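**Q** protein-v6.cif (mmCIF, C-alpha atoms and all ligand atoms) pasted underneath:
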data_input
loop_
_atom_site.label_atom_id
_atom_site.label_comp_id
_atom_site.auth_asym_id
_atom_site.auth_seq_id
_atom_site.Cartn_x
_atom_site.Cartn_y
_atom_site.Cartn_z
CA MET A 6 -0.80 27.35 -9.87
CA ARG A 7 -2.51 25.58 -12.79
CA LYS A 8 -0.86 22.19 -13.27
CA PRO A 9 -0.14 21.63 -16.97
CA LEU A 10 -2.14 18.86 -18.62
CA MET A 11 -0.83 16.93 -21.62
CA ALA A 12 -3.61 14.88 -23.16
CA GLY A 13 -3.33 12.38 -25.99
CA ASN A 14 -6.42 12.00 -28.15
CA TRP A 15 -5.96 8.72 -29.97
CA LYS A 16 -9.10 9.25 -32.07
CA MET A 17 -10.12 6.07 -33.99
CA ASN A 18 -6.75 4.36 -33.71
CA LYS A 19 -5.35 1.24 -32.04
CA THR A 20 -6.81 -2.16 -31.24
CA ILE A 21 -6.76 -3.33 -27.62
CA PRO A 22 -3.37 -5.12 -27.89
CA GLU A 23 -1.85 -2.11 -29.69
CA ALA A 24 -3.19 0.26 -27.04
CA ILE A 25 -1.88 -1.90 -24.21
CA SER A 26 1.57 -2.15 -25.72
CA VAL A 27 1.81 1.66 -26.07
CA VAL A 28 0.67 2.43 -22.52
CA LYS A 29 2.97 -0.23 -21.07
CA ALA A 30 5.96 1.48 -22.67
CA LEU A 31 4.62 4.96 -21.90
CA LYS A 32 4.22 4.10 -18.23
CA SER A 33 7.93 3.53 -17.79
CA ALA A 34 8.91 6.38 -20.12
CA VAL A 35 7.03 8.97 -18.04
CA ALA A 36 7.25 7.36 -14.59
CA ASP A 37 9.41 10.20 -13.26
CA VAL A 38 7.07 13.02 -14.38
CA THR A 39 5.37 14.86 -11.52
CA ASP A 40 5.08 18.44 -12.82
CA VAL A 41 2.66 17.61 -15.65
CA GLU A 42 -0.63 15.73 -15.53
CA ILE A 43 -0.73 13.03 -18.20
CA LEU A 44 -3.88 11.83 -19.92
CA ILE A 45 -4.56 9.29 -22.66
CA CYS A 46 -7.91 9.06 -24.43
CA PRO A 47 -8.21 5.72 -26.28
CA THR A 48 -11.23 4.43 -28.16
CA PHE A 49 -14.20 3.11 -26.14
CA THR A 50 -13.27 -0.50 -26.84
CA ALA A 51 -9.82 -0.15 -25.25
CA LEU A 52 -10.80 1.98 -22.24
CA TYR A 53 -11.25 -0.75 -19.67
CA ALA A 54 -8.10 -2.69 -20.58
CA VAL A 55 -5.99 0.46 -20.77
CA SER A 56 -7.26 1.87 -17.50
CA ASN A 57 -6.43 -1.42 -15.76
CA GLU A 58 -2.96 -1.25 -17.24
CA VAL A 59 -2.27 2.27 -15.91
CA LYS A 60 -3.67 1.71 -12.42
CA ASP A 61 -1.19 3.00 -9.82
CA SER A 62 0.70 4.99 -12.43
CA ASN A 63 0.75 8.74 -13.17
CA ILE A 64 -1.29 8.26 -16.37
CA ASN A 65 -4.97 9.18 -16.37
CA ILE A 66 -7.53 7.85 -18.81
CA GLY A 67 -10.32 9.66 -20.62
CA ALA A 68 -13.00 8.82 -23.18
CA GLN A 69 -13.42 10.71 -26.46
CA SER A 70 -17.17 11.28 -26.14
CA LEU A 71 -20.26 10.12 -24.24
CA PHE A 72 -24.04 10.37 -24.38
CA TRP A 73 -25.96 12.43 -21.84
CA GLU A 74 -28.63 9.91 -20.83
CA THR A 75 -27.92 7.35 -18.08
CA LYS A 76 -29.37 4.28 -19.81
CA GLY A 77 -32.08 3.11 -22.15
CA ALA A 78 -32.94 2.75 -25.81
CA PHE A 79 -30.07 4.69 -27.40
CA THR A 80 -28.46 2.11 -29.67
CA GLY A 81 -24.75 2.57 -30.11
CA GLU A 82 -24.32 5.17 -27.39
CA VAL A 83 -22.26 5.01 -24.20
CA SER A 84 -23.53 6.65 -21.02
CA PRO A 85 -21.56 8.74 -18.51
CA VAL A 86 -21.86 6.03 -15.85
CA MET A 87 -20.49 3.45 -18.30
CA VAL A 88 -17.54 5.68 -19.14
CA LYS A 89 -16.86 6.18 -15.43
CA ASP A 90 -17.17 2.43 -14.92
CA THR A 91 -14.20 1.76 -17.21
CA GLY A 92 -11.92 3.76 -14.90
CA CYS A 93 -11.95 7.06 -16.80
CA SER A 94 -11.59 10.36 -15.01
CA TYR A 95 -11.84 12.63 -18.09
CA VAL A 96 -13.92 12.86 -21.24
CA ILE A 97 -13.37 14.92 -24.40
CA ILE A 98 -16.56 16.67 -25.49
CA GLY A 99 -17.43 18.47 -28.71
CA HIS A 100 -14.24 17.75 -30.65
CA SER A 101 -14.39 19.48 -34.03
CA GLU A 102 -14.57 16.05 -35.69
CA ARG A 103 -17.73 15.36 -33.66
CA ARG A 104 -19.14 18.73 -34.64
CA GLN A 105 -18.22 18.21 -38.32
CA TYR A 106 -19.10 14.54 -38.91
CA PHE A 107 -21.72 13.82 -36.25
CA GLY A 108 -23.61 17.10 -36.10
CA GLU A 109 -22.79 18.01 -32.52
CA THR A 110 -24.02 21.49 -31.69
CA ASP A 111 -23.24 23.75 -28.75
CA GLU A 112 -26.54 22.64 -27.23
CA ILE A 113 -25.64 18.94 -27.45
CA ILE A 114 -22.15 19.68 -26.14
CA ASN A 115 -23.67 21.52 -23.20
CA LYS A 116 -25.88 18.53 -22.32
CA LYS A 117 -22.94 16.14 -22.55
CA MET A 118 -20.73 18.40 -20.48
CA LYS A 119 -23.31 18.68 -17.70
CA ALA A 120 -23.85 14.90 -17.72
CA ALA A 121 -20.09 14.35 -17.42
CA ILE A 122 -19.75 16.73 -14.49
CA THR A 123 -22.73 15.20 -12.71
CA ILE A 124 -21.16 11.74 -12.77
CA GLY A 125 -17.77 13.08 -11.67
CA LEU A 126 -15.90 13.08 -14.98
CA THR A 127 -13.80 16.12 -15.92
CA PRO A 128 -14.95 17.37 -19.33
CA ILE A 129 -12.46 18.71 -21.87
CA VAL A 130 -14.69 20.88 -24.03
CA CYS A 131 -13.29 21.62 -27.49
CA ILE A 132 -13.75 24.88 -29.34
CA GLY A 133 -12.12 26.30 -32.45
CA GLU A 134 -12.69 28.14 -35.69
CA THR A 135 -12.40 26.78 -39.23
CA LEU A 136 -9.99 28.25 -41.78
CA LYS A 137 -12.88 30.00 -43.53
CA GLU A 138 -14.00 31.57 -40.27
CA ARG A 139 -10.46 32.79 -39.52
CA GLU A 140 -10.14 34.23 -43.02
CA CYS A 141 -13.48 36.01 -42.61
CA ASN A 142 -12.20 37.56 -39.37
CA ILE A 143 -14.90 35.99 -37.25
CA THR A 144 -12.60 33.85 -35.06
CA PHE A 145 -13.48 35.66 -31.85
CA LYS A 146 -17.19 35.67 -32.62
CA VAL A 147 -17.11 31.89 -33.20
CA ILE A 148 -15.04 31.26 -30.09
CA GLU A 149 -17.34 33.39 -27.93
CA LYS A 150 -20.44 31.62 -29.25
CA GLN A 151 -18.96 28.15 -28.66
CA THR A 152 -17.71 29.07 -25.19
CA ARG A 153 -20.96 30.64 -24.01
CA GLY A 154 -23.16 28.05 -25.74
CA GLY A 155 -21.26 24.93 -24.75
CA LEU A 156 -20.42 25.94 -21.21
CA THR A 157 -23.56 27.68 -20.02
CA GLY A 158 -25.55 26.81 -16.90
CA LEU A 159 -22.88 25.62 -14.45
CA THR A 160 -22.52 26.49 -10.79
CA LEU A 161 -19.34 28.40 -9.92
CA GLU A 162 -18.00 25.26 -8.28
CA GLN A 163 -18.67 23.15 -11.37
CA ALA A 164 -17.28 25.85 -13.65
CA ALA A 165 -13.89 25.65 -11.92
CA LEU A 166 -13.54 21.94 -12.80
CA VAL A 167 -13.84 22.26 -16.55
CA VAL A 168 -10.98 22.01 -19.05
CA ILE A 169 -11.31 23.87 -22.35
CA ALA A 170 -9.31 22.91 -25.44
CA TYR A 171 -8.78 25.51 -28.14
CA GLU A 172 -8.25 23.59 -31.35
CA PRO A 173 -8.31 25.71 -34.51
CA VAL A 174 -9.79 23.32 -37.07
CA TRP A 175 -7.25 24.42 -39.69
CA ALA A 176 -4.40 23.26 -37.45
CA ILE A 177 -5.72 19.75 -36.76
CA GLY A 178 -3.74 17.04 -38.52
CA THR A 179 -2.38 19.55 -41.03
CA GLY A 180 1.09 20.15 -39.60
CA LYS A 181 0.13 23.84 -39.45
CA THR A 182 0.27 24.90 -35.80
CA ALA A 183 -1.11 28.21 -34.63
CA THR A 184 1.82 30.39 -33.62
CA PRO A 185 2.26 30.76 -29.85
CA ASP A 186 1.04 34.38 -30.20
CA GLN A 187 -2.04 33.38 -32.21
CA ALA A 188 -2.91 30.70 -29.65
CA GLN A 189 -2.26 32.96 -26.65
CA GLU A 190 -4.51 35.65 -28.12
CA VAL A 191 -7.44 33.23 -28.32
CA HIS A 192 -6.70 31.58 -24.94
CA ALA A 193 -6.68 34.98 -23.20
CA PHE A 194 -9.97 35.83 -24.93
CA VAL A 195 -11.54 32.53 -23.80
CA ARG A 196 -10.45 33.20 -20.22
CA LYS A 197 -11.94 36.69 -20.39
CA ILE A 198 -15.30 35.36 -21.63
CA TYR A 199 -15.20 32.64 -18.99
CA ALA A 200 -14.54 35.27 -16.30
CA GLU A 201 -17.63 37.15 -17.48
CA MET A 202 -19.58 33.91 -17.08
CA TYR A 203 -18.01 32.45 -13.93
CA LYS A 204 -15.79 35.07 -12.27
CA ASP A 205 -12.79 33.53 -10.39
CA ALA A 206 -13.29 30.08 -11.94
CA ALA A 207 -11.65 31.50 -15.08
CA GLU A 208 -8.29 31.73 -13.35
CA LYS A 209 -8.54 28.14 -12.14
CA ILE A 210 -9.43 26.34 -15.35
CA ARG A 211 -6.88 24.91 -17.72
CA ILE A 212 -7.08 25.91 -21.36
CA LEU A 213 -5.27 23.46 -23.63
CA TYR A 214 -4.06 24.14 -27.13
CA GLY A 215 -4.56 21.49 -29.80
CA GLY A 216 -3.64 21.30 -33.48
CA SER A 217 -0.38 19.77 -34.73
CA VAL A 218 1.31 19.96 -31.33
CA ASN A 219 4.58 18.01 -31.27
CA SER A 220 7.74 17.74 -29.21
CA GLY A 221 9.33 20.46 -31.36
CA ASN A 222 6.74 23.21 -30.87
CA VAL A 223 5.30 22.40 -27.44
CA SER A 224 7.76 24.29 -25.26
CA GLU A 225 7.27 27.60 -27.14
CA LEU A 226 3.50 27.22 -26.81
CA MET A 227 3.79 26.38 -23.12
CA LYS A 228 5.71 29.59 -22.41
CA LYS A 229 2.51 31.56 -22.98
CA PRO A 230 0.67 32.53 -19.81
CA ASP A 231 -2.78 31.28 -20.84
CA ILE A 232 -1.69 27.99 -22.44
CA ASP A 233 -1.98 25.32 -19.76
CA GLY A 234 -1.30 22.19 -21.77
CA GLY A 235 -1.94 20.38 -25.02
CA LEU A 236 -4.54 18.17 -26.62
CA VAL A 237 -2.43 16.08 -28.93
CA GLY A 238 -3.53 13.84 -31.79
CA GLY A 239 -0.89 12.35 -34.09
CA ALA A 240 2.10 12.92 -31.79
CA SER A 241 0.39 11.02 -28.96
CA LEU A 242 0.18 7.75 -30.89
CA GLU A 243 3.85 6.85 -30.49
CA VAL A 244 5.53 6.45 -27.11
CA GLU A 245 8.70 8.32 -27.96
CA SER A 246 7.06 11.46 -29.33
CA PHE A 247 4.42 11.67 -26.60
CA ALA A 248 6.90 11.05 -23.77
CA LYS A 249 9.17 13.76 -25.18
CA LEU A 250 6.24 16.12 -25.40
CA VAL A 251 5.14 15.41 -21.83
CA LYS A 252 8.70 16.17 -20.70
CA TYR A 253 8.78 19.51 -22.57
CA SER A 254 10.01 21.40 -19.51
CA LYS A 255 13.18 19.29 -19.41
CA GLN A 256 13.97 20.33 -22.99
CA GLN A 257 14.44 23.90 -21.83
CA LEU A 258 17.12 23.00 -19.28
P1 LIG A 301 -3.26 16.60 -34.30
O1 LIG A 301 -2.34 16.78 -33.10
O2 LIG A 301 -3.05 15.31 -35.01
O3 LIG A 301 -3.23 17.81 -35.17
O4 LIG A 301 -4.75 16.50 -33.70
C1 LIG A 301 -5.18 17.46 -32.81
C2 LIG A 301 -6.47 17.03 -32.23
O5 LIG A 301 -7.49 17.03 -32.89
C3 LIG A 301 -6.47 16.58 -30.83
O6 LIG A 301 -7.75 16.47 -30.34
#
Translate the structure described by the file into structure tokens.
Ligand code: 13P

**A**
Amino acid sequence: MRKPLMAGNWKMNKTIPEAISVVKALKSAVADVTDVEILICPTFTALYAVSNEVKDSNINIGAQSLFWETKGAFTGEVSPVMVKDTGCSYVIIGHSERRQYFGETDEIINKKMKAAITIGLTPIVCIGETLKERECNITFKVIEKQTRGGLTGLTLEQAALVVIAYEPVWAIGTGKTATPDQAQEVHAFVRKIYAEMYKDAAEKIRILYGGSVNSGNVSELMKKPDIDGGLVGGASLEVESFAKLVKYSKQQL
């Protein structure tokens, strides 16, 4: 019932020509995929060019962040309407790198998420514990706080549109993936908290796993009932690895 979503977060990588050359090749590599929704999130500077390139294809485009105000004196920021204007349909919000390096709090994330929904962008809200938090056995406490804090104040209708990405910070870019059981345990917990907040919407939303996902580990992760897709960093930068990952269900045949 929930269509899997495979999202590539390119982070601060690729110039416009580099981005265009990857999506051109990706377009033909995944042209036959209908069972998985495909999303690429390039840097702001490449959004417009990339979204023009994927028009009329099965690839969606998302931004990696936005600001919550519509316009005005906010030097260096990009508003929700501007993100929408480039042709994006998604936006990543509250990635752990934004929390860590740019001081984004659950309160800021909540403002950004509401601004995204208001303009008609689907937010992918990131949550996840650090290694220290996992070792101190406070993973579930952290996850509950981030889920309730970042996702509060929606209508039931809005709540059903959200995507959540569980990205344990210790698994990002480290080659250390959470085991499918570890990920499933947290995903089920997130869905339970979300059901307490928004009832039936919890069954509708997709919860992605992120953190060293690659074409070798994706199909085991995707077998878990509460894992509805992946938010992929490194393995999304190359056409071959991302196309293979998107086609994970074919690997099982
Ligand atoms: P890696 O897949 O490179 O570990 O990055 C995960 C991530 O942060 C995606 O948002």

**Q** Kindly give the distance, in Å, that separates CA of Ala54 (chain A) and CA of Val35 (chain A), rounded to a single decimal.

**A**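 About the pair CA of Ala54 (chain A) and CA of Val35 (chain A): they are 19.3 Å apart.
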
**Q** Please, what distance in Å, to one decimal, runs between CA of Gln187 (chain A) and CA of Asn142 (chain A)?

**A**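 Computing it gives 13.1 Å between the two atoms.
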
**Q** Excluding Glu82 (chain A) and residues on its chain fewer than 5 positions from it, collect all residues at most 12 Å away from it, counting only C-alpha atoms, and give them as a list in words.

**A**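 Using only C-alpha atoms, the neighbours found are Phe49, Ser70, Leu71, Phe72, Trp73, Glu74, Thr75, Lys76, Gly77, Met87 and Val88 of chain A.
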
**Q** Those residues with C-alpha atoms, as an mmCIF file, keeping the file's coordinate frame please?

**A**
data_model
loop_
_atom_site.group_PDB
_atom_site.id
_atom_site.type_symbol
_atom_site.label_atom_id
_atom_site.label_comp_id
_atom_site.auth_asym_id
_atom_site.auth_seq_id
_atom_site.Cartn_x
_atom_site.Cartn_y
_atom_site.Cartn_z
ATOM 1 C CA PHE A 49 -14.200 3.110 -26.140
ATOM 2 C CA SER A 70 -17.170 11.280 -26.140
ATOM 3 C CA LEU A 71 -20.260 10.120 -24.240
ATOM 4 C CA PHE A 72 -24.040 10.370 -24.380
ATOM 5 C CA TRP A 73 -25.960 12.430 -21.840
ATOM 6 C CA GLU A 74 -28.630 9.910 -20.830
ATOM 7 C CA THR A 75 -27.920 7.350 -18.080
ATOM 8 C CA LYS A 76 -29.370 4.280 -19.810
ATOM 9 C CA GLY A 77 -32.080 3.110 -22.150
ATOM 10 C CA MET A 87 -20.490 3.450 -18.300
ATOM 11 C CA VAL A 88 -17.540 5.680 -19.140
#

**Q** Mind dumping a table of every chain A residue within 7 Å of ligand LIG 301 (chain A), with the nearest atom pair and its distance in Å to one decimal, using only C-alpha atoms and all ligand atoms, sorted by chain and rising number, as a tab-separated table?

**A**
residue	atom	partner	partner_atom	distance
A:Asn14	CA	A:LIG301	O6	5.2
A:His100	CA	A:LIG301	O6	6.6
A:Glu172	CA	A:LIG301	O5	6.8
A:Ala176	CA	A:LIG301	O3	6.0
A:Ile177	CA	A:LIG301	O3	3.5
A:Gly178	CA	A:LIG301	O3	3.5
A:Thr179	CA	A:LIG301	O3	6.2
A:Gly180	CA	A:LIG301	O3	6.6
A:Gly215	CA	A:LIG301	C1	5.1
A:Gly216	CA	A:LIG301	O3	3.9
A:Ser217	CA	A:LIG301	O3	3.5
A:Val218	CA	A:LIG301	O1	5.2
A:Leu236	CA	A:LIG301	C3	4.9
A:Val237	CA	A:LIG301	O1	4.2
A:Gly238	CA	A:LIG301	O1	3.4
A:Gly239	CA	A:LIG301	O2	3.8
A:Ala240	CA	A:LIG301	O1	6.0

**Q** Tell me which of A:Glu245, A:Glu162, A:Glu190, A:Glu201 sits closest to Ile232 (chain A), counting all atoms listed in the file.

**A** A:Glu190

**Q** Is it possible to dump region 143-175 of chain A as a PDB file, in the first residue's frame, including just N, CA, C and O atoms?

**A**
ATOM      1  N   ILE A 143      19.753   5.698  25.122  1.00  0.00           N
ATOM      2  CA  ILE A 143      18.670   6.694  25.087  1.00  0.00           C
ATOM      3  C   ILE A 143      18.146   6.894  23.651  1.00  0.00           C
ATOM      4  O   ILE A 143      17.502   7.889  23.354  1.00  0.00           O
ATOM      5  N   THR A 144      18.408   5.897  22.793  1.00  0.00           N
ATOM      6  CA  THR A 144      17.953   5.992  21.398  1.00  0.00           C
ATOM      7  C   THR A 144      16.463   6.319  21.312  1.00  0.00           C
ATOM      8  O   THR A 144      16.055   7.258  20.616  1.00  0.00           O
ATOM      9  N   PHE A 145      15.644   5.558  22.021  1.00  0.00           N
ATOM     10  CA  PHE A 145      14.196   5.739  21.870  1.00  0.00           C
ATOM     11  C   PHE A 145      13.723   7.071  22.440  1.00  0.00           C
ATOM     12  O   PHE A 145      12.798   7.681  21.921  1.00  0.00           O
ATOM     13  N   LYS A 146      14.398   7.505  23.487  1.00  0.00           N
ATOM     14  CA  LYS A 146      14.063   8.812  24.078  1.00  0.00           C
ATOM     15  C   LYS A 146      14.355   9.934  23.062  1.00  0.00           C
ATOM     16  O   LYS A 146      13.547  10.844  22.854  1.00  0.00           O
ATOM     17  N   VAL A 147      15.518   9.841  22.419  1.00  0.00           N
ATOM     18  CA  VAL A 147      15.933  10.847  21.432  1.00  0.00           C
ATOM     19  C   VAL A 147      14.969  10.833  20.238  1.00  0.00           C
ATOM     20  O   VAL A 147      14.507  11.885  19.779  1.00  0.00           O
ATOM     21  N   ILE A 148      14.669   9.634  19.774  1.00  0.00           N
ATOM     22  CA  ILE A 148      13.791   9.494  18.602  1.00  0.00           C
ATOM     23  C   ILE A 148      12.390  10.038  18.921  1.00  0.00           C
ATOM     24  O   ILE A 148      11.780  10.725  18.098  1.00  0.00           O
ATOM     25  N   GLU A 149      11.909   9.754  20.110  1.00  0.00           N
ATOM     26  CA  GLU A 149      10.567  10.245  20.477  1.00  0.00           C
ATOM     27  C   GLU A 149      10.557  11.773  20.552  1.00  0.00           C
ATOM     28  O   GLU A 149       9.650  12.434  20.043  1.00  0.00           O
ATOM     29  N   LYS A 150      11.604  12.336  21.137  1.00  0.00           N
ATOM     30  CA  LYS A 150      11.683  13.795  21.272  1.00  0.00           C
ATOM     31  C   LYS A 150      11.745  14.462  19.889  1.00  0.00           C
ATOM     32  O   LYS A 150      11.041  15.438  19.620  1.00  0.00           O
ATOM     33  N   GLN A 151      12.577  13.910  19.001  1.00  0.00           N
ATOM     34  CA  GLN A 151      12.705  14.500  17.658  1.00  0.00           C
ATOM     35  C   GLN A 151      11.409  14.347  16.865  1.00  0.00           C
ATOM     36  O   GLN A 151      11.016  15.258  16.130  1.00  0.00           O
ATOM     37  N   THR A 152      10.744  13.207  17.012  1.00  0.00           N
ATOM     38  CA  THR A 152       9.504  12.972  16.266  1.00  0.00           C
ATOM     39  C   THR A 152       8.407  13.919  16.767  1.00  0.00           C
ATOM     40  O   THR A 152       7.759  14.612  15.972  1.00  0.00           O
ATOM     41  N   ARG A 153       8.214  13.946  18.075  1.00  0.00           N
ATOM     42  CA  ARG A 153       7.155  14.813  18.611  1.00  0.00           C
ATOM     43  C   ARG A 153       7.483  16.285  18.388  1.00  0.00           C
ATOM     44  O   ARG A 153       6.635  17.082  18.003  1.00  0.00           O
ATOM     45  N   GLY A 154       8.750  16.666  18.604  1.00  0.00           N
ATOM     46  CA  GLY A 154       9.143  18.073  18.499  1.00  0.00           C
ATOM     47  C   GLY A 154       9.120  18.576  17.054  1.00  0.00           C
ATOM     48  O   GLY A 154       8.606  19.655  16.767  1.00  0.00           O
ATOM     49  N   GLY A 155       9.646  17.787  16.156  1.00  0.00           N
ATOM     50  CA  GLY A 155       9.763  18.227  14.765  1.00  0.00           C
ATOM     51  C   GLY A 155       8.461  18.159  14.001  1.00  0.00           C
ATOM     52  O   GLY A 155       8.248  18.891  13.040  1.00  0.00           O
ATOM     53  N   LEU A 156       7.565  17.273  14.440  1.00  0.00           N
ATOM     54  CA  LEU A 156       6.381  17.000  13.625  1.00  0.00           C
ATOM     55  C   LEU A 156       5.076  17.427  14.293  1.00  0.00           C
ATOM     56  O   LEU A 156       3.994  17.026  13.853  1.00  0.00           O
ATOM     57  N   THR A 157       5.183  18.239  15.312  1.00  0.00           N
ATOM     58  CA  THR A 157       3.981  18.653  16.037  1.00  0.00           C
ATOM     59  C   THR A 157       3.127  19.664  15.237  1.00  0.00           C
ATOM     60  O   THR A 157       3.631  20.323  14.322  1.00  0.00           O
ATOM     61  N   GLY A 158       1.846  19.728  15.579  1.00  0.00           N
ATOM     62  CA  GLY A 158       0.998  20.822  15.091  1.00  0.00           C
ATOM     63  C   GLY A 158       0.451  20.687  13.692  1.00  0.00           C
ATOM     64  O   GLY A 158       0.073  21.684  13.075  1.00  0.00           O
ATOM     65  N   LEU A 159       0.352  19.469  13.161  1.00  0.00           N
ATOM     66  CA  LEU A 159      -0.204  19.283  11.819  1.00  0.00           C
ATOM     67  C   LEU A 159      -1.671  18.872  11.916  1.00  0.00           C
ATOM     68  O   LEU A 159      -2.103  18.320  12.927  1.00  0.00           O
ATOM     69  N   THR A 160      -2.418  19.106  10.838  1.00  0.00           N
ATOM     70  CA  THR A 160      -3.757  18.530  10.763  1.00  0.00           C
ATOM     71  C   THR A 160      -3.576  17.056  10.382  1.00  0.00           C
ATOM     72  O   THR A 160      -2.507  16.665   9.902  1.00  0.00           O
ATOM     73  N   LEU A 161      -4.616  16.254  10.565  1.00  0.00           N
ATOM     74  CA  LEU A 161      -4.504  14.831  10.221  1.00  0.00           C
ATOM     75  C   LEU A 161      -4.211  14.656   8.732  1.00  0.00           C
ATOM     76  O   LEU A 161      -3.459  13.768   8.333  1.00  0.00           O
ATOM     77  N   GLU A 162      -4.806  15.535   7.943  1.00  0.00           N
ATOM     78  CA  GLU A 162      -4.591  15.478   6.492  1.00  0.00           C
ATOM     79  C   GLU A 162      -3.120  15.770   6.141  1.00  0.00           C
ATOM     80  O   GLU A 162      -2.505  15.065   5.348  1.00  0.00           O
ATOM     81  N   GLN A 163      -2.592  16.820   6.767  1.00  0.00           N
ATOM     82  CA  GLN A 163      -1.182  17.176   6.525  1.00  0.00           C
ATOM     83  C   GLN A 163      -0.255  16.073   7.031  1.00  0.00           C
ATOM     84  O   GLN A 163       0.748  15.745   6.389  1.00  0.00           O
ATOM     85  N   ALA A 164      -0.617  15.514   8.179  1.00  0.00           N
ATOM     86  CA  ALA A 164       0.253  14.505   8.811  1.00  0.00           C
ATOM     87  C   ALA A 164       0.438  13.286   7.917  1.00  0.00           C
ATOM     88  O   ALA A 164       1.480  12.629   7.958  1.00  0.00           O
ATOM     89  N   ALA A 165      -0.565  12.996   7.080  1.00  0.00           N
ATOM     90  CA  ALA A 165      -0.492  11.814   6.217  1.00  0.00           C
ATOM     91  C   ALA A 165       0.446  12.016   5.024  1.00  0.00           C
ATOM     92  O   ALA A 165       0.793  11.065   4.334  1.00  0.00           O
ATOM     93  N   LEU A 166       0.858  13.273   4.778  1.00  0.00           N
ATOM     94  CA  LEU A 166       1.694  13.575   3.608  1.00  0.00           C
ATOM     95  C   LEU A 166       3.194  13.489   3.881  1.00  0.00           C
ATOM     96  O   LEU A 166       4.006  13.437   2.966  1.00  0.00           O
ATOM     97  N   VAL A 167       3.515  13.488   5.175  1.00  0.00           N
ATOM     98  CA  VAL A 167       4.923  13.611   5.566  1.00  0.00           C
ATOM     99  C   VAL A 167       5.713  12.328   5.274  1.00  0.00           C
ATOM    100  O   VAL A 167       5.160  11.235   5.278  1.00  0.00           O
ATOM    101  N   VAL A 168       7.002  12.489   5.011  1.00  0.00           N
ATOM    102  CA  VAL A 168       7.923  11.353   4.972  1.00  0.00           C
ATOM    103  C   VAL A 168       8.901  11.553   6.125  1.00  0.00           C
ATOM    104  O   VAL A 168       9.347  12.675   6.374  1.00  0.00           O
ATOM    105  N   ILE A 169       9.193  10.487   6.844  1.00  0.00           N
ATOM    106  CA  ILE A 169      10.198  10.564   7.914  1.00  0.00           C
ATOM    107  C   ILE A 169      11.393   9.715   7.494  1.00  0.00           C
ATOM    108  O   ILE A 169      11.217   8.638   6.922  1.00  0.00           O
ATOM    109  N   ALA A 170      12.592  10.215   7.737  1.00  0.00           N
ATOM    110  CA  ALA A 170      13.789   9.411   7.461  1.00  0.00           C
ATOM    111  C   ALA A 170      14.513   9.148   8.770  1.00  0.00           C
ATOM    112  O   ALA A 170      14.918  10.094   9.463  1.00  0.00           O
ATOM    113  N   TYR A 171      14.646   7.869   9.112  1.00  0.00           N
ATOM    114  CA  TYR A 171      15.450   7.504  10.278  1.00  0.00           C
ATOM    115  C   TYR A 171      16.884   7.294   9.824  1.00  0.00           C
ATOM    116  O   TYR A 171      17.171   6.382   9.039  1.00  0.00           O
ATOM    117  N   GLU A 172      17.756   8.187  10.274  1.00  0.00           N
ATOM    118  CA  GLU A 172      19.166   8.094   9.908  1.00  0.00           C
ATOM    119  C   GLU A 172      20.013   8.124  11.182  1.00  0.00           C
ATOM    120  O   GLU A 172      20.314   9.206  11.699  1.00  0.00           O
ATOM    121  N   PRO A 173      20.387   6.933  11.685  1.00  0.00           N
ATOM    122  CA  PRO A 173      21.273   6.939  12.852  1.00  0.00           C
ATOM    123  C   PRO A 173      22.570   7.649  12.479  1.00  0.00           C
ATOM    124  O   PRO A 173      23.188   7.294  11.459  1.00  0.00           O
ATOM    125  N   VAL A 174      22.963   8.641  13.256  1.00  0.00           N
ATOM    126  CA  VAL A 174      24.111   9.480  12.876  1.00  0.00           C
ATOM    127  C   VAL A 174      25.378   8.634  12.726  1.00  0.00           C
ATOM    128  O   VAL A 174      26.202   8.873  11.832  1.00  0.00           O
ATOM    129  N   TRP A 175      25.485   7.597  13.533  1.00  0.00           N
ATOM    130  CA  TRP A 175      26.678   6.738  13.507  1.00  0.00           C
ATOM    131  C   TRP A 175      26.765   5.889  12.234  1.00  0.00           C
ATOM    132  O   TRP A 175      27.800   5.289  11.959  1.00  0.00           O
TER     133      TRP A 175
END
